[in-house]
Amino acid sequence: MKRNIYVLILALITIGAYSQTHEVHKEFGQAWGGGASVDINNDGHLDFYITGQKNNPAPSPDSERWNRLYFYNPGTHDYDSTGTNLNVIDRANLDWADIDGDGLVDLLGAEHSWSNYHSGVYKNLGDGQFDSLGWPMPSKTMAAAWADFNNDGWLDYVCISNDSAASAVMINNGDNTFETTNTEVFDGLYFGLGYVEVLDYNNDGFMDFFLSANVDNVDKSANDDARVISDIFINYDEEPGNFFRAYLGKTDANTAGMIYMKGNGGVDFADFNSDGWVDMVLHGEGGSGTLEPSGGADIWSCISHVYLNQQDGTFADKPQAAFQADLRPLNSTGVATAAIDWNVDGHYDLILTGWNPPTVNTQSGYLYHGDGAGNFAEVGRVPGGSETVLLFNDWNDDGVLDYLVSGHCWDAMWYAAEEVGRTASVFFNTNTGTANVKPGAPTNLAADVSGRDVTLSWDAATDDLTPAATLSYEYFLKDGEGNFMTAPASFVGGDMDGKRHILKLGNAYLNTFAILQGLPDDTYTWGVQAIDASYEGSAFATGTFTVTNVGTSKIKSVPVADIYSFGNTLVVRTLEAEDALVSVYNLIGQRIASRNISGEFQLNLPQGIYIVSVETDSNIQTGKVFIR
């Protein structure tokens, strides 16, 4: 494939004068697809996989399931089409991780095709071919994501489904067999056009996940009668791998909620205000029961919001005067919008795409520069689309990432009449005046071992541009034989030490620590790297620690008390009238009360969700209470 098919240079005059170039690549045009920029063949260069519904050649008006894999060729500085047997295509949700430590990132892929699902775990063979591993996948899984949810060093995954009984968290037993868990936390909801992404929103070292989807149940009462869901599911720190819903969304029944719930849009997670906590930009459709759009407005309007993490389990809506009033991505695969340091100043910028009815009445893209304080200024219109795939690769080898956008577009600003429809183009990044320098490696590594549990810690790294608090971190863990238990999505050692295989936050997110629990006796090697806002990784710093048999510990999750609420009162009543320590925590793990009791305990609390721990001499029970 040659990238000189069509070159168009435009002078774009906007709020500030700036000039960019783009190339039209109609051969990549599709809709309702997905994709990823990822180093498939482990050569240190980002390749890309793109999927969707493709127009058949004229005169047929029908669409076809379509996908392509392209490897970067360092000899020709071009992208070569590579055959692949992957068949995850319709609204493909793709998450990548090296599940076996061979240096090749493997795929957890899911699609929302209503009748033709190809969701599964696929081992990457490095040549474009993938082996299906047959790992359990709940029926009608449309989106899934990797994480070590119970902090035992092994990758688990969460799946959301269009089957009301199927959504689940799959917990790895350590031998790549899995337990199906947490089905009840999804409240029997049928999810449509779903997306799920892992994050640590409360910086406690236990991975949470965010879910956005349509709610397809006729009876939506489990979702406060709202037509869509956007919420964080919080990992119990006392029982990692068990989740509860945060109920962040505004609804008719919860007008005090913090966020307007969205579906069929997208979400971008990053530290947008440089305070060391993950924030989010949420896009998509609201509608009935969500309080947005407000009465009288087009029910399908898509209003984007920047939500800043308040470090107490809540988010604050940061108004953005520069945002378009109604920009409709119409995408549920996490690749219609993006947060990345586009202008190489160390702060996350935003690229938002979609159909814009009120302003330009066509599909368009918009580039916003972030200031590191949670504010975004519009730079100008850029190539965009709806039902979009947005992928970042360095197309012209100038050291900065450009983007490929593919979707529906009739924007005459970027496409000639014969190029519109399901089309695509590459938009070149001309911010080459400042070279991004990868971060320094973390320092002062330590391992605090307590029985079979260990807390790994390090001092914050530094970067020439990205604020230290904004850096994310990726860690790995090897057993005594040198085998990866937790393999990173980066090269380890050698000339490419720390170079990333994917473009995403690290698996420790913004924490300068990682918690591991229940490790077998062994001597372990671990390492950690820093990742900046351009997704450049530092070299790894490494250390070792030893776990030895220290006997037994208290048994967790054994019922010792009734835990419930009555009005605004928390009630804890021990089952055997025995002495116990009751601790009450808010959503981010801050202890707000602790009492030694014998029999019964009551505490008046403001509205919210609380975690309650009841500890006796031999057992620990944790529970969730919702005070309305």
# chains A, B, ... in the order shown; residues from 1 in each chain; ligands from 1
>>> residues_around(residues="stretch 84-100 of chain A", least_positions_apart="4", cutoff="8 Å", atoms="only C-alpha atoms", output="number ranges by chain")
A: 32-36, 51-53, 65-69, 104-113, 117-119, 128-130, 142-146, 155, 193, 195, 331-334, 484-489, 502
>>> closest_atom_pairs(of="stretch 111-189 of chain A", to="stretch 235-242 of chain A", cutoff="9 Å", atoms="only C-alpha atoms", output="JSON lines")
{"residue": "A:Asp148", "atom": "CA", "partner": "A:Gly241", "partner_atom": "CA", "distance": 8.4}
{"residue": "A:Phe149", "atom": "CA", "partner": "A:Gly241", "partner_atom": "CA", "distance": 4.8}
{"residue": "A:Asn150", "atom": "CA", "partner": "A:Gly241", "partner_atom": "CA", "distance": 4.3}
{"residue": "A:Asn151", "atom": "CA", "partner": "A:Pro240", "partner_atom": "CA", "distance": 6.8}
{"residue": "A:Val169", "atom": "CA", "partner": "A:Gly241", "partner_atom": "CA", "distance": 8.0}
{"residue": "A:Ile171", "atom": "CA", "partner": "A:Gly241", "partner_atom": "CA", "distance": 7.5}
{"residue": "A:Thr181", "atom": "CA", "partner": "A:Asn242", "partner_atom": "CA", "distance": 7.9}
{"residue": "A:Asn182", "atom": "CA", "partner": "A:Asn242", "partner_atom": "CA", "distance": 6.5}
>>> write_last_selection(atoms="N, CA and C atoms", output="compact mmCIF listing (two decimals), in the first residue's frame")
# COMPACT_ATOMS: atom_id res chain seq x y z
N ASP A 148 -5.79 -7.51 36.60
CA ASP A 148 -5.64 -8.43 37.73
C ASP A 148 -6.56 -7.92 38.84
N PHE A 149 -7.80 -8.37 38.84
CA PHE A 149 -8.80 -7.79 39.74
C PHE A 149 -8.63 -8.22 41.20
N ASN A 150 -8.08 -9.41 41.43
CA ASN A 150 -7.92 -9.85 42.82
C ASN A 150 -6.48 -9.79 43.29
N ASN A 151 -5.62 -9.13 42.52
CA ASN A 151 -4.26 -8.80 42.95
C ASN A 151 -3.42 -10.01 43.32
N VAL A 169 -17.44 -11.09 35.90
CA VAL A 169 -16.00 -10.94 36.05
C VAL A 169 -15.41 -12.35 36.12
N ILE A 171 -12.47 -14.66 37.02
CA ILE A 171 -11.31 -14.65 37.90
C ILE A 171 -10.42 -15.86 37.59
N THR A 181 -17.78 -14.84 38.25
CA THR A 181 -18.13 -14.15 39.49
C THR A 181 -18.85 -12.84 39.19
N ASN A 182 -19.42 -12.25 40.23
CA ASN A 182 -19.98 -10.90 40.21
C ASN A 182 -21.16 -10.74 39.25
>>> closest_residue(among="A:Ala322, A:Val400, A:Ala31, A:Val492", to="A:Lys478", atoms="only C-alpha atoms")
A:Val492
>>> residues_around(residues="A:Ala246", least_positions_apart="4", cutoff="9 Å", atoms="only C-alpha atoms", output="PyMOL selection string")
chain A and resi 231-234+313+587+608-609
>>> atom_distance(atom1="atom CA of A:Ala435", atom2="atom CA of A:Ile340")
15.1 Å
>>> closest_residue(among="A:Lys504, A:Arg573, A:Ser294, A:Gly188", to="A:Asp268", atoms="only C-alpha atoms")
A:Lys504
>>> residues_around(residues="A:Pro606", least_positions_apart="3", cutoff="12 Å", atoms="only C-alpha atoms", output="list in words")
Ser565, Gly567, Asn568, Thr569, Leu570, Asn586, Ile592, Leu603, Ile609, Tyr610, Val625, Phe626, Ile627 and Arg628 of chain A
>>> residues_around(residues="A:Ser164", least_positions_apart="3", cutoff="9 Å", atoms="only C-alpha atoms", output="MDAnalysis selection string")
chainID A and resid 161 167 186:191 217
>>> atom_distance(atom1="atom CA of A:Met280", atom2="atom CA of A:Ala468")
18.9 Å
>>> atom_distance(atom1="atom CA of A:Tyr509", atom2="atom CA of A:Thr546")
24.8 Å
>>> closest_residue(among="A:Ser212, A:Asn41, A:Thr359, A:Asn254", to="A:Gly289", atoms="only C-alpha atoms")
A:Asn254
>>> residues_around(residues="A:Gly370", least_positions_apart="3", cutoff="6 Å", atoms="only C-alpha atoms", output="PyMOL selection string")
chain A and resi 347-349+375-376
>>> residues_around(residues="A:Gly192", least_positions_apart="5", cutoff="9 Å", atoms="only C-alpha atoms", output="MDAnalysis selection string")
chainID A and resid 112 142 161:162 213:216 228 263:264
